[in-house]
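Note: the block below is structure.txt and it holds compact mmCIF, C-alpha atoms.
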# COMPACT_ATOMS: atom_id res chain seq x y z
CA LEU F 1 -40.38 -63.32 5.20
CA LEU F 2 -43.23 -64.90 3.27
CA THR F 3 -45.74 -63.19 5.56
CA LEU F 4 -43.98 -59.85 5.16
CA PHE F 5 -44.07 -60.10 1.35
CA PHE F 6 -47.76 -61.06 1.44
CA LEU F 7 -48.59 -58.12 3.73
CA LEU F 8 -46.70 -55.74 1.44
CA TYR F 9 -48.58 -57.18 -1.52
CA ASP F 10 -51.91 -56.83 0.27
CA GLU F 11 -51.53 -53.48 2.06
CA ALA F 12 -49.20 -51.53 -0.22
CA GLU F 13 -50.74 -53.09 -3.31
CA ALA F 14 -47.31 -54.01 -4.66
CA HIS F 15 -48.64 -56.68 -7.02
CA GLY F 16 -45.19 -57.91 -8.05
CA LEU F 17 -44.64 -59.28 -4.57
CA ILE F 18 -47.25 -62.00 -5.10
CA LEU F 19 -44.74 -63.56 -7.49
CA ALA F 20 -42.11 -63.40 -4.74
CA CYS F 21 -44.58 -65.18 -2.44
CA GLY F 22 -45.06 -67.92 -5.02
CA VAL F 23 -41.31 -68.34 -5.51
CA MET F 24 -40.80 -68.56 -1.75
CA VAL F 25 -43.51 -71.23 -1.40
CA VAL F 26 -41.84 -73.28 -4.16
CA CYS F 27 -38.44 -72.85 -2.46
CA LEU F 28 -39.86 -73.95 0.89
CA PHE F 29 -41.39 -77.02 -0.76
CA CYS F 30 -38.03 -77.90 -2.38
CA ILE F 31 -36.13 -77.43 0.90
CA ARG F 32 -38.62 -79.67 2.69
CA ARG F 33 -38.28 -82.42 0.05
CA PHE F 34 -34.47 -82.15 0.19
CA ALA F 35 -34.50 -82.47 3.99
CA ASP F 36 -36.83 -85.48 3.79
CA ARG F 37 -34.55 -87.18 1.26
CA LEU F 38 -31.48 -86.64 3.45
CA ASP F 39 -33.41 -87.94 6.49
CA CYS F 40 -31.92 -85.14 8.60
CA HIS F 41 -34.27 -85.44 11.55
CA ARG F 42 -33.58 -89.15 12.13
CA LYS F 43 -29.84 -88.54 11.91
CA TYR F 44 -30.11 -85.64 14.35
CA ILE F 45 -31.96 -87.81 16.88
CA GLU F 46 -29.45 -90.67 16.53
CA TYR F 47 -26.43 -88.40 17.03
CA ARG F 48 -28.17 -86.80 20.00
CA VAL F 49 -28.57 -90.29 21.53
CA LEU F 50 -24.87 -90.96 20.89
CA ALA F 51 -23.90 -87.70 22.60
CA GLU F 52 -25.99 -88.54 25.67
CA CYS F 53 -24.52 -92.06 25.82
CA LEU F 54 -20.98 -90.63 25.69
CA ARG F 55 -21.86 -88.18 28.46
CA CYS F 56 -23.17 -91.05 30.59
CA GLN F 57 -20.03 -93.11 29.88
CA PHE F 58 -17.84 -90.20 30.98
CA PHE F 59 -19.63 -89.89 34.32
CA LEU F 60 -19.67 -93.66 34.88
CA PHE F 61 -15.89 -93.61 34.40
CA PHE F 62 -15.46 -90.48 36.52
CA ALA F 63 -17.49 -92.01 39.35
CA GLY F 64 -15.04 -94.91 39.43
CA LEU F 65 -17.54 -97.54 38.34
CA GLY F 66 -16.48 -100.36 36.04
CA THR F 67 -19.83 -100.27 34.23
CA ARG F 68 -19.91 -99.59 30.49
CA VAL F 69 -22.79 -97.68 28.99
CA THR F 70 -23.30 -100.44 26.42
CA ASP F 71 -24.36 -102.71 29.30
CA ILE F 72 -27.20 -100.39 30.30
CA LEU F 73 -28.51 -99.25 26.90
CA PRO F 74 -32.30 -99.45 26.51
CA TRP F 75 -33.46 -102.30 24.28
CA THR F 76 -34.95 -99.88 21.70
CA ILE F 77 -31.53 -98.38 21.03
CA ARG F 78 -29.93 -101.83 20.88
CA GLN F 79 -32.51 -102.98 18.31
CA ASP F 80 -33.19 -99.85 16.28
CA VAL F 81 -29.78 -98.16 16.20
CA PRO F 82 -27.11 -100.86 16.39
CA TRP F 83 -24.33 -98.57 15.11
CA ILE F 84 -24.46 -96.60 18.39
CA ARG F 85 -23.77 -99.79 20.34
CA ASP F 86 -20.84 -100.53 17.99
CA VAL F 87 -19.37 -97.05 18.47
CA LEU F 88 -19.71 -97.27 22.24
CA SER F 89 -18.14 -100.75 22.28
CA ALA F 90 -15.10 -99.35 20.47
CA LEU F 91 -14.35 -96.97 23.35
CA PRO F 92 -11.25 -97.93 25.34
CA GLU F 93 -11.89 -99.72 28.60
CA GLY F 94 -11.21 -97.68 31.67
CA GLY F 95 -10.95 -99.61 34.86
CA PRO F 96 -12.19 -98.33 38.18
CA MET F 97 -10.20 -95.36 39.33
CA GLU F 98 -10.34 -92.98 42.22
CA LYS F 99 -13.94 -91.95 42.80
CA HIS F 100 -14.86 -88.32 42.31
CA SER F 101 -17.95 -86.63 43.62
CA ILE F 102 -20.28 -85.61 40.80
CA LEU F 103 -21.32 -82.67 42.98
CA ASP F 104 -17.81 -81.25 42.87
CA CYS F 105 -17.00 -81.87 39.24
CA TRP F 106 -20.28 -81.09 37.51
CA ILE F 107 -23.42 -80.21 39.47
CA ARG F 108 -22.08 -77.13 41.25
CA ASP F 109 -20.68 -75.75 37.97
CA GLN F 110 -24.01 -76.39 36.26
CA LYS F 111 -25.88 -74.69 39.10
CA ALA F 112 -23.66 -71.60 38.83
CA TYR F 113 -24.06 -71.51 35.06
CA HIS F 114 -27.85 -71.74 35.22
CA ALA F 115 -28.06 -69.12 38.00
CA SER F 116 -26.09 -66.72 35.81
CA ALA F 117 -28.23 -67.54 32.77
CA LEU F 118 -31.39 -66.93 34.83
CA LYS F 119 -30.16 -63.47 35.88
CA LYS F 120 -29.43 -62.57 32.25
CA ALA F 121 -32.84 -63.85 31.15
CA GLU F 122 -34.62 -61.86 33.88
CA ILE F 123 -32.81 -58.65 32.85
CA LYS F 124 -33.75 -59.25 29.21
CA ASP F 125 -37.36 -60.00 30.19
CA ARG F 126 -37.64 -56.75 32.17
CA ARG F 127 -36.20 -54.79 29.20
CA ASP F 128 -38.59 -56.48 26.76
CA ARG F 129 -41.56 -55.73 29.02
CA ARG F 130 -40.61 -52.03 29.23
CA ILE F 131 -40.25 -51.84 25.43
CA SER F 132 -43.58 -53.65 24.90
CA THR F 133 -45.36 -51.29 27.28
CA ALA F 134 -43.86 -48.22 25.58
CA VAL F 135 -44.87 -49.49 22.13
CA LEU F 136 -48.39 -50.22 23.36
CA VAL F 137 -48.73 -46.72 24.85
CA LEU F 138 -47.40 -45.09 21.65
CA THR F 139 -49.77 -47.18 19.53
CA VAL F 140 -52.80 -46.19 21.63
CA ILE F 141 -51.79 -42.51 21.51
CA ASP F 142 -51.30 -42.73 17.75
CA ASP F 143 -54.58 -44.53 17.04
CA GLU F 144 -56.75 -42.40 19.34
CA THR F 145 -55.43 -38.94 18.50
CA GLY F 146 -54.12 -39.30 14.99
CA PHE F 147 -50.97 -37.65 16.28
CA SER F 148 -47.87 -39.71 15.95
CA PRO F 149 -45.05 -39.06 18.43
CA LEU F 150 -42.78 -40.30 15.65
CA GLY F 151 -43.63 -37.25 13.54
CA GLU F 152 -45.79 -38.92 10.88
CA PRO F 153 -49.04 -36.95 10.49
CA GLU F 154 -52.36 -38.74 10.01
CA ARG F 155 -50.76 -42.12 10.55
CA GLY F 156 -53.61 -43.44 12.68
CA HIS F 157 -56.40 -42.84 10.14
CA ILE F 158 -57.72 -45.68 8.04
CA ILE F 159 -59.24 -44.94 4.64
CA TYR F 160 -61.78 -47.26 3.00
CA ARG F 161 -62.95 -47.47 -0.60
CA LEU F 162 -66.65 -47.74 -1.27
CA ASP F 163 -66.26 -51.51 -1.84
CA GLY F 164 -64.93 -51.87 1.74
CA THR F 165 -61.23 -52.46 0.97
CA ARG F 166 -58.62 -50.46 2.87
CA THR F 167 -56.15 -48.15 1.19
CA ALA F 168 -53.26 -45.97 2.32
CA SER F 169 -54.20 -42.88 0.31
CA MET F 170 -56.92 -41.28 -1.83
CA GLN F 171 -54.90 -40.84 -5.03
CA GLU F 172 -57.27 -42.59 -7.43
CA PRO F 173 -60.68 -41.10 -8.35
CA GLY F 174 -63.60 -42.57 -6.42
CA LEU F 175 -65.70 -42.45 -3.26
CA TYR F 176 -63.81 -42.97 0.00
CA ILE F 177 -64.77 -43.15 3.66
CA LYS F 178 -62.32 -41.52 6.09
CA ASP F 179 -63.10 -41.10 9.81
CA GLY F 180 -66.77 -41.82 9.12
CA LYS F 181 -67.06 -39.10 6.45
CA LYS F 182 -67.68 -39.77 2.75
CA ILE F 183 -65.19 -38.09 0.43
CA LEU F 184 -65.49 -37.92 -3.37
CA VAL F 185 -62.24 -37.59 -5.27
CA ASN F 186 -62.42 -36.41 -8.94
CA THR F 187 -59.17 -35.98 -10.84
Rewrite the coordinates I just gave you, this time as structure tokens.
Amino acid sequence: LLTLFFLLYDEAEAHGLILACGVMVVCLFCIRRFADRLDCHRKYIEYRVLAECLRCQFFLFFAGLGTRVTDILPWTIRQDVPWIRDVLSALPEGGPMEKHSILDCWIRDQKAYHASALKKAEIKDRRDRRISTAVLVLTVIDDETGFSPLGEPERGHIIYRLDGTRTASMQEPGLYIKDGKKILVNT
């Protein structure tokens, strides 16, 4: 959004949008400081570790093992994030039960899910490639001929002021260069 406002300010010469750019930069700075104060990233990582530990505990239980995940935690988690060990220790003990094959209860389902997701991603990729190719072809046609298939005349021409800056039109008096020809506008 910031880039869009800056491009509009630069290309369309909408000078009021530079203020919007400044306001957005200040807002982004405030959001960053707020996130740093809340320590969001560290909390996210710790809760992600907890989720993975719970997943491991579930499969240890489902496999019929009497092992608890707190017994196999890496030493960095034991030292740096002791509250995760406390939460995992509070889980009820489940003794060994009938063993289940992880292949049957999880891996085959995951394989089917990812195969389906791959097919969807490949379809989307083919569609995106067709759209990208069409846009490229239309852009080349528009830039080379000056004819726009979208019905906008003269869209491909770039107009320069004498000082070298680009402009969208020749409304102000001055000397312009359009398609290599010098044009003097007096009004």
Legend entry - Shortest interatomic distance to Ala20 of chain F - which of F:Phe62, F:Phe6, F:Trp106, F:Trp75, counting all atoms listed in the file: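 Checking each candidate against Ala20 of chain F, we get F:Phe6 as the closest.
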Inset, instruction - Can you work out the spacing between atom CA of Ala115 of chain F and atom CA of Arg127 of chain F in Å, to one decimal? - result: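 Atom CA of Arg127 of chain F lies 18.7 Å from atom CA of Ala115 of chain F.
With all atoms listed in the file as the atoms that count, the residue of F:Leu4, F:Val69, F:Ile84, F:Ala63 with the shortest distance to Lys43 of chain F is F:Ile84.
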Inset, instruction - Using all atoms listed in the file, determine which residues lie at most 12 Å from Ile77 of chain F, disregarding the query and same-chain residues fewer than 2 positions distant; provide the list as a ChimeraX atom specification. - result: /F:45-47,49-50,53,69-75,79-86,88
Inset, instruction - Give the answer as one residue: which of F:Arg32, F:Leu118, F:Phe59, F:Arg68 has the shortest atom-to-atom distance to Cys105 of chain F, using all atoms listed in the file? - result: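 Going through F:Arg32, F:Leu118, F:Phe59, F:Arg68 one by one, the smallest distance to Cys105 of chain F is for F:Phe59.
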Legend entry - Interatomic distance (Å, one decimal) between atom CA of Lys99 of chain F and atom CA of Leu60 of chain F: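 Distance reported for this atom pair: 9.9 Å.
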Legend entry - Two-atom distance - atom CA of Ala112 of chain F, atom CA of Phe61 of chain F (Å):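 Atom-to-atom, atom CA of Ala112 of chain F and atom CA of Phe61 of chain F are spaced 23.8 Å apart.
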Legend entry - Which of F:Arg129, F:Gly64, F:Glu122, F:Val87 sits closest to His100 of chain F [using only C-alpha atoms]: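 Of F:Arg129, F:Gly64, F:Glu122, F:Val87, the one nearest His100 of chain F, counting only C-alpha atoms, is F:Gly64.
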Inset, instruction - May I ask which of the residues F:Ser116, F:Ile31, F:Phe5, F:Arg42 is the closest one to Leu19 of chain F, counting only C-alpha atoms? - result: F:Phe5
Build an axis-aligned box that encloses every atom of segment 66-74 of chain F listed in the file, pad it by 6 Å on each side, and report its centre and edge lengths in Å to one decimal, as AutoDock Vina command-line options.
--center_x -24.4 --center_y -100.2 --center_z 31.2 --size_x 27.8 --size_y 17.0 --size_z 21.6
